[in-house]
$ cat my_file03.cif   # mmCIF, C-alpha atoms
data_target
#
loop_
_atom_site.label_atom_id
_atom_site.label_comp_id
_atom_site.auth_asym_id
_atom_site.auth_seq_id
_atom_site.Cartn_x
_atom_site.Cartn_y
_atom_site.Cartn_z
CA MET A 1 -5.98 -20.02 -3.64
CA SER A 2 -4.47 -19.11 -0.28
CA LEU A 3 -5.25 -15.69 1.19
CA ASP A 4 -3.63 -14.35 4.36
CA PRO A 5 -5.47 -11.46 6.10
CA TYR A 6 -3.32 -8.68 7.55
CA PHE A 7 -4.48 -5.41 9.14
CA SER A 8 -3.14 -1.89 8.76
CA SER A 9 -4.23 1.54 9.96
CA SER A 10 -2.71 4.73 8.59
CA SER A 11 -4.95 6.67 10.99
CA LYS A 12 -2.86 5.35 13.90
CA VAL A 13 0.59 6.51 12.77
CA TRP A 14 0.83 8.90 15.74
CA ALA A 15 -0.77 6.51 18.24
CA GLU A 16 0.97 4.40 20.85
CA ARG A 17 1.63 0.84 19.70
CA ASP A 18 -0.51 -1.13 22.17
CA TRP A 19 -3.31 -1.54 19.63
CA VAL A 20 -1.12 -3.75 17.43
CA PHE A 21 -1.23 -6.63 19.93
CA GLU A 22 -5.00 -6.82 19.48
CA ILE A 23 -4.63 -7.57 15.76
CA GLU A 24 -3.45 -11.08 16.58
CA ASP A 25 -6.26 -11.55 19.11
CA LEU A 26 -8.80 -10.66 16.42
CA GLY A 27 -7.45 -13.41 14.20
CA TYR A 28 -5.27 -11.57 11.70
CA ALA A 29 -2.14 -13.30 10.41
CA GLY A 30 -0.09 -10.15 10.08
CA TRP A 31 0.36 -6.39 10.32
CA GLU A 32 1.21 -3.96 7.55
CA ILE A 33 3.39 -1.32 9.18
CA VAL A 34 2.73 2.19 7.88
CA ALA A 35 6.27 3.54 8.21
CA ASP A 36 5.40 7.09 9.14
CA GLY A 37 4.80 9.11 12.28
CA ASN A 38 5.73 7.02 15.34
CA TYR A 39 6.43 4.06 13.05
CA ARG A 40 9.21 5.46 10.87
CA LEU A 41 11.75 2.67 10.67
CA GLU A 42 14.87 4.84 10.52
CA ILE A 43 14.29 6.03 14.10
CA PRO A 44 16.09 3.35 16.18
CA GLU A 45 13.62 3.28 19.07
CA ASN A 46 10.71 2.89 16.64
CA PHE A 47 12.37 0.03 14.83
CA ALA A 48 13.27 -1.71 18.09
CA ALA A 49 9.68 -1.41 19.38
CA ILE A 50 8.24 -2.73 16.11
CA ARG A 51 10.63 -5.67 16.07
CA GLU A 52 9.76 -6.46 19.70
CA ILE A 53 6.04 -6.51 18.84
CA LEU A 54 6.62 -8.91 15.96
CA GLU A 55 8.88 -11.17 18.03
CA SER A 56 6.46 -11.28 20.97
CA THR A 57 3.44 -12.13 18.81
CA GLY A 58 2.82 -14.51 15.96
CA LEU A 59 2.23 -11.62 13.57
CA LEU A 60 3.93 -11.56 10.19
CA ALA A 61 4.67 -8.21 8.57
CA THR A 62 4.62 -6.16 5.41
CA VAL A 63 5.56 -2.48 5.20
CA HIS A 64 3.97 0.57 3.61
CA ALA A 65 6.72 3.07 2.82
CA PRO A 66 6.29 6.73 3.84
CA TYR A 67 4.46 8.91 1.33
CA SER A 68 3.65 12.18 3.08
CA ASP A 69 5.30 15.12 1.25
CA LEU A 70 7.15 12.80 -1.17
CA ASN A 71 6.80 12.76 -4.96
CA LEU A 72 8.60 10.22 -7.14
CA ALA A 73 7.43 12.15 -10.22
CA SER A 74 8.64 15.56 -9.05
CA LEU A 75 10.47 17.78 -11.55
CA ASN A 76 12.09 19.57 -8.60
CA TYR A 77 15.29 17.56 -8.52
CA PRO A 78 16.15 17.85 -4.77
CA ILE A 79 12.61 16.74 -3.84
CA TRP A 80 12.76 13.88 -6.36
CA ARG A 81 16.12 12.70 -4.97
CA GLU A 82 14.92 12.94 -1.37
CA SER A 83 11.79 10.98 -2.24
CA ILE A 84 13.88 8.17 -3.69
CA ARG A 85 16.26 8.29 -0.72
CA GLN A 86 13.46 7.93 1.82
CA ILE A 87 11.88 5.01 -0.06
CA CYS A 88 15.22 3.21 -0.34
CA SER A 89 15.99 3.86 3.33
CA CYS A 90 12.67 2.30 4.27
CA ILE A 91 13.35 -0.72 2.04
CA HIS A 92 16.79 -1.17 3.61
CA LEU A 93 15.30 -1.45 7.11
CA ALA A 94 12.10 -3.24 6.09
CA ALA A 95 14.17 -6.04 4.55
CA ASP A 96 14.79 -7.33 8.09
CA LEU A 97 11.02 -7.67 8.58
CA THR A 98 9.47 -8.57 5.21
CA ASP A 99 9.91 -9.07 1.49
CA ARG A 100 7.02 -6.75 0.51
CA VAL A 101 7.06 -2.93 0.66
CA THR A 102 4.24 -0.85 -0.83
CA ILE A 103 5.16 2.49 -2.38
CA HIS A 104 3.03 5.31 -3.76
CA PRO A 105 3.61 6.58 -7.28
CA GLY A 106 4.12 10.27 -7.79
CA PHE A 107 1.76 13.02 -8.86
CA VAL A 108 1.73 15.78 -11.44
CA SER A 109 2.80 19.17 -10.08
CA PRO A 110 1.62 22.48 -11.59
CA VAL A 111 4.91 22.73 -13.51
CA GLY A 112 4.70 19.07 -14.48
CA LYS A 113 1.36 19.64 -16.22
CA LEU A 114 3.27 21.52 -18.91
CA VAL A 115 5.45 18.47 -19.70
CA PRO A 116 3.46 15.32 -18.81
CA ASP A 117 5.77 12.99 -20.74
CA LYS A 118 8.67 14.21 -18.61
CA VAL A 119 6.68 13.44 -15.45
CA TRP A 120 6.21 9.80 -16.51
CA GLU A 121 9.89 9.62 -17.50
CA VAL A 122 11.18 10.71 -14.09
CA GLN A 123 8.66 8.43 -12.35
CA LYS A 124 9.93 5.44 -14.31
CA THR A 125 13.56 6.42 -13.70
CA ALA A 126 12.83 6.54 -9.97
CA LEU A 127 11.29 3.06 -10.09
CA VAL A 128 14.28 1.62 -11.91
CA GLU A 129 16.57 2.90 -9.15
CA ILE A 130 14.23 1.80 -6.35
CA GLY A 131 13.71 -1.58 -7.97
CA ARG A 132 17.43 -2.21 -8.22
CA TYR A 133 17.85 -1.30 -4.55
CA ALA A 134 14.90 -3.46 -3.52
CA GLU A 135 16.16 -6.45 -5.48
CA ASP A 136 19.58 -6.12 -3.86
CA HIS A 137 17.84 -6.35 -0.46
CA GLY A 138 15.50 -9.25 -1.25
CA VAL A 139 12.41 -7.04 -1.36
CA LEU A 140 9.69 -6.49 -3.96
CA ALA A 141 8.71 -2.80 -4.00
CA CYS A 142 5.04 -2.74 -5.01
CA VAL A 143 3.58 0.39 -6.63
CA GLU A 144 0.01 1.09 -5.48
CA ASN A 145 -2.86 2.26 -7.69
CA MET A 146 -4.21 5.63 -6.62
CA ILE A 147 -7.53 7.29 -5.78
CA SER A 148 -9.66 9.50 -8.03
CA ILE A 149 -7.58 12.66 -7.87
CA LYS A 150 -6.67 13.56 -11.43
CA ASP A 151 -3.11 14.64 -10.67
CA PHE A 152 -2.17 11.22 -9.23
CA LEU A 153 -0.42 8.76 -11.49
CA CYS A 154 -1.50 5.10 -11.73
CA ARG A 155 -5.26 5.48 -11.35
CA TYR A 156 -5.92 3.13 -14.27
CA PRO A 157 -4.84 -0.51 -14.62
CA GLU A 158 -3.15 0.09 -17.97
CA GLU A 159 -1.11 2.93 -16.46
CA ILE A 160 0.27 0.97 -13.53
CA LEU A 161 0.87 -2.18 -15.59
CA GLY A 162 2.67 -0.23 -18.28
CA LEU A 163 4.74 1.78 -15.82
CA THR A 164 5.98 -1.22 -13.84
CA GLU A 165 6.39 -3.74 -16.67
CA GLY A 166 9.87 -5.17 -16.99
CA ILE A 167 11.44 -3.32 -14.04
CA PRO A 168 13.29 -5.80 -11.79
CA GLY A 169 12.42 -5.46 -8.12
CA ILE A 170 9.14 -3.66 -8.83
CA GLY A 171 5.66 -5.18 -8.42
CA ILE A 172 2.10 -3.95 -7.98
CA THR A 173 -0.10 -3.45 -4.92
CA PHE A 174 -3.74 -3.56 -5.99
CA ASP A 175 -5.84 -1.32 -3.74
CA LEU A 176 -9.45 -2.29 -4.33
CA GLY A 177 -10.87 0.67 -2.44
CA HIS A 178 -8.83 3.08 -4.56
CA ALA A 179 -10.06 1.35 -7.71
CA ASN A 180 -13.65 1.83 -6.54
CA THR A 181 -13.21 5.61 -6.24
CA ASN A 182 -12.36 5.57 -9.95
CA GLY A 183 -15.20 3.22 -10.88
CA LEU A 184 -12.63 0.69 -12.07
CA VAL A 185 -13.00 -2.37 -9.82
CA ASP A 186 -13.99 -4.65 -12.70
CA ALA A 187 -11.27 -3.23 -14.94
CA PHE A 188 -8.60 -4.01 -12.34
CA LEU A 189 -10.02 -7.45 -11.59
CA ARG A 190 -9.34 -8.46 -15.21
CA TYR A 191 -5.65 -8.35 -14.27
CA ILE A 192 -5.96 -9.98 -10.85
CA GLY A 193 -3.23 -12.50 -11.61
CA GLU A 194 -0.74 -9.70 -12.29
CA PHE A 195 -0.78 -8.29 -8.76
CA ASP A 196 1.80 -9.01 -6.05
CA HIS A 197 0.11 -7.53 -2.98
CA MET A 198 -3.36 -6.30 -2.07
CA HIS A 199 -5.19 -3.72 0.04
CA ILE A 200 -8.94 -3.88 0.69
CA HIS A 201 -11.38 -1.46 2.34
CA ASP A 202 -14.79 -0.05 1.49
CA ASN A 203 -16.18 3.28 0.31
CA HIS A 204 -19.15 4.71 -1.58
CA GLY A 205 -17.19 5.37 -4.76
CA GLN A 206 -16.65 9.09 -4.24
CA SER A 207 -13.74 9.35 -1.81
CA ASP A 208 -11.18 7.25 0.01
CA GLU A 209 -13.24 6.62 3.15
CA HIS A 210 -11.46 3.47 4.37
CA LEU A 211 -14.67 1.97 5.75
CA ALA A 212 -15.08 -1.52 7.13
CA LEU A 213 -15.93 -4.15 4.51
CA GLY A 214 -19.68 -4.02 3.92
CA ASP A 215 -20.13 -0.41 5.08
CA GLY A 216 -19.78 1.09 1.61
CA ALA A 217 -20.90 0.31 -1.93
CA ILE A 218 -18.42 -2.36 -3.07
CA ALA A 219 -20.12 -5.62 -4.08
CA TRP A 220 -18.02 -7.90 -1.89
CA GLU A 221 -20.22 -10.92 -2.62
CA LYS A 222 -18.95 -10.64 -6.22
CA VAL A 223 -15.47 -9.22 -5.66
CA GLY A 224 -14.39 -11.56 -2.85
CA PRO A 225 -14.80 -14.83 -4.78
CA ALA A 226 -13.13 -13.30 -7.87
CA ILE A 227 -10.08 -12.40 -5.81
CA ALA A 228 -10.04 -15.78 -4.07
CA ARG A 229 -10.02 -17.50 -7.48
CA GLY A 230 -7.35 -15.37 -9.11
CA TYR A 231 -4.97 -14.15 -6.41
CA SER A 232 -2.84 -15.84 -3.77
CA GLY A 233 -0.97 -14.07 -0.98
CA VAL A 234 -1.38 -11.33 1.59
CA VAL A 235 -4.60 -9.29 1.65
CA VAL A 236 -4.26 -6.21 3.87
CA VAL A 237 -7.47 -4.88 5.41
CA GLU A 238 -6.95 -1.14 5.81
CA GLY A 239 -9.13 0.33 8.52
CA ARG A 240 -9.45 3.05 11.11
CA THR A 241 -10.36 1.19 14.30
CA LEU A 242 -10.06 -2.25 15.84
CA GLU A 243 -13.84 -2.59 15.82
CA GLU A 244 -13.79 -2.05 12.06
CA ALA A 245 -10.94 -4.55 11.88
CA ARG A 246 -13.13 -7.13 13.64
CA ARG A 247 -16.09 -6.59 11.33
CA SER A 248 -13.92 -6.53 8.23
CA LEU A 249 -12.30 -9.84 9.13
CA ALA A 250 -15.73 -11.44 9.55
CA ALA A 251 -16.73 -10.11 6.12
CA PHE A 252 -13.44 -11.30 4.63
CA ARG A 253 -14.04 -14.83 5.92
CA LYS A 254 -17.56 -14.78 4.52
CA TRP A 255 -16.86 -13.45 1.02
CA PHE A 256 -13.25 -14.30 0.14
CA VAL A 257 -13.88 -17.98 -0.52
#
$ encode --input "my_file03.cif" --output "structure tokens"
Amino acid sequence: MSLDPYFSSSSKVWAERDWVFEIEDLGYAGWEIVADGNYRLEIPENFAAIREILESTGLLATVHAPYSDLNLASLNYPIWRESIRQICSCIHLAADLTDRVTIHPGFVSPVGKLVPDKVWEVQKTALVEIGRYAEDHGVLACVENMISIKDFLCRYPEEILGLTEGIPGIGITFDLGHANTNGLVDAFLRYIGEFDHMHIHDNHGQSDEHLALGDGAIAWEKVGPAIARGYSGVVVVEGRTLEEARRSLAAFRKWFV
């Protein structure tokens, strides 16, 4: 199957944008824009600069919607509404750049722990609204599986598949590094054909370290071929530095065959 390597770095959301030009020089096909900090799309000068980078390079794009301080499963109604508004605003602008936007699911608040069924209900209601908006704009909004923090939703494959099933405009971003923090890489790989977008990075299974491929404990010699057999599309390497981007791309070309 065909795999297209992109690079993304959430650690650079406050950095100047010069580093992005080097992604193409390293050999990546595209850039996943983390739409936060100096890269928030609703700020006109940010959007113009991002568009100029894409037009002056051969880079394709996907977008990661903002997630800081947002909660699509919040039982505090104004926060819930604002979270949906910001995601939809990002989708509206991202539609000029891509047809894939990754979104984070919500998390369980202290009050939400008293009514967990209500938390899942409001999360699903949010996705129905976001999905409708995304579909109207030609975008697939892809919910991402989360790291091993117990209050996060969608840590398990059955959770994210069940939550997103049957909602128009909603897909799934499989984050392999996040799955590894939960000890669930193999469990997620059983559903590899169900995923619409992908993030990869390494860690030692305890925390979300975002290491270069090969620097942690993930068995890439096993995982890479399994993904290459069962998935086709964009694979976003998430890293911290351009040096890690270089090493990760070399590992990707070695193992994802």
$ resolve_selection --input "my_file03.cif" --expression "the PyMOL selection byres ((chain A and resi 145-157) around 9)" --output "number ranges by chain"
A: 73, 104-109, 113, 120, 143-144, 158-163, 172-184, 187-188, 191, 206-208
$ resolve_selection --input "my_file03.cif" --expression "the PyMOL selection byres ((chain A and resi 32-43) around 8)" --output "compact mmCIF listing (two decimals) with C-alpha atoms, in the frame of the given file"
# COMPACT_ATOMS: atom_id res chain seq x y z
CA TYR A 6 -3.32 -8.68 7.55
CA PHE A 7 -4.48 -5.41 9.14
CA SER A 8 -3.14 -1.89 8.76
CA SER A 9 -4.23 1.54 9.96
CA SER A 10 -2.71 4.73 8.59
CA VAL A 13 0.59 6.51 12.77
CA TRP A 14 0.83 8.90 15.74
CA ALA A 15 -0.77 6.51 18.24
CA GLU A 16 0.97 4.40 20.85
CA GLY A 30 -0.09 -10.15 10.08
CA TRP A 31 0.36 -6.39 10.32
CA PRO A 44 16.09 3.35 16.18
CA GLU A 45 13.62 3.28 19.07
CA ASN A 46 10.71 2.89 16.64
CA PHE A 47 12.37 0.03 14.83
CA ILE A 50 8.24 -2.73 16.11
CA ALA A 61 4.67 -8.21 8.57
CA THR A 62 4.62 -6.16 5.41
CA VAL A 63 5.56 -2.48 5.20
CA HIS A 64 3.97 0.57 3.61
CA ALA A 65 6.72 3.07 2.82
CA PRO A 66 6.29 6.73 3.84
CA SER A 89 15.99 3.86 3.33
CA CYS A 90 12.67 2.30 4.27
CA LEU A 93 15.30 -1.45 7.11
CA ALA A 94 12.10 -3.24 6.09
CA VAL A 236 -4.26 -6.21 3.87
$ closest_residue --input "my_file03.cif" --among "A:Ile227, A:Ala245, A:Ala212, A:Ala134" --to "Val257 in chain A" --atoms "all atoms listed in the file"
A:Ile227
$ residues_around --input "my_file03.cif" --residues "Asp202 in chain A" --least-positions-apart "3" --cutoff "8 Å" --atoms "all atoms listed in the file" --output "CSV table (one decimal) with C-alpha atoms, keeping the file's coordinate frame"
chain,number,residue,atom,x,y,z
A,177,GLY,CA,-10.9,0.7,-2.4
A,209,GLU,CA,-13.2,6.6,3.2
A,210,HIS,CA,-11.5,3.5,4.4
A,211,LEU,CA,-14.7,2.0,5.8
A,212,ALA,CA,-15.1,-1.5,7.1
A,213,LEU,CA,-15.9,-4.2,4.5
A,214,GLY,CA,-19.7,-4.0,3.9
A,215,ASP,CA,-20.1,-0.4,5.1
A,216,GLY,CA,-19.8,1.1,1.6
A,217,ALA,CA,-20.9,0.3,-1.9
A,218,ILE,CA,-18.4,-2.4,-3.1
$ closest_residue --input "my_file03.cif" --among "A:Val115, A:Leu242, A:Ala226, A:Cys142" --to "Phe195 in chain A" --atoms "only C-alpha atoms"
A:Cys142
$ atom_distance --input "my_file03.cif" --atom1 "CA of Gly138 in chain A" --atom2 "CA of Ile170 in chain A"
11.4 Å
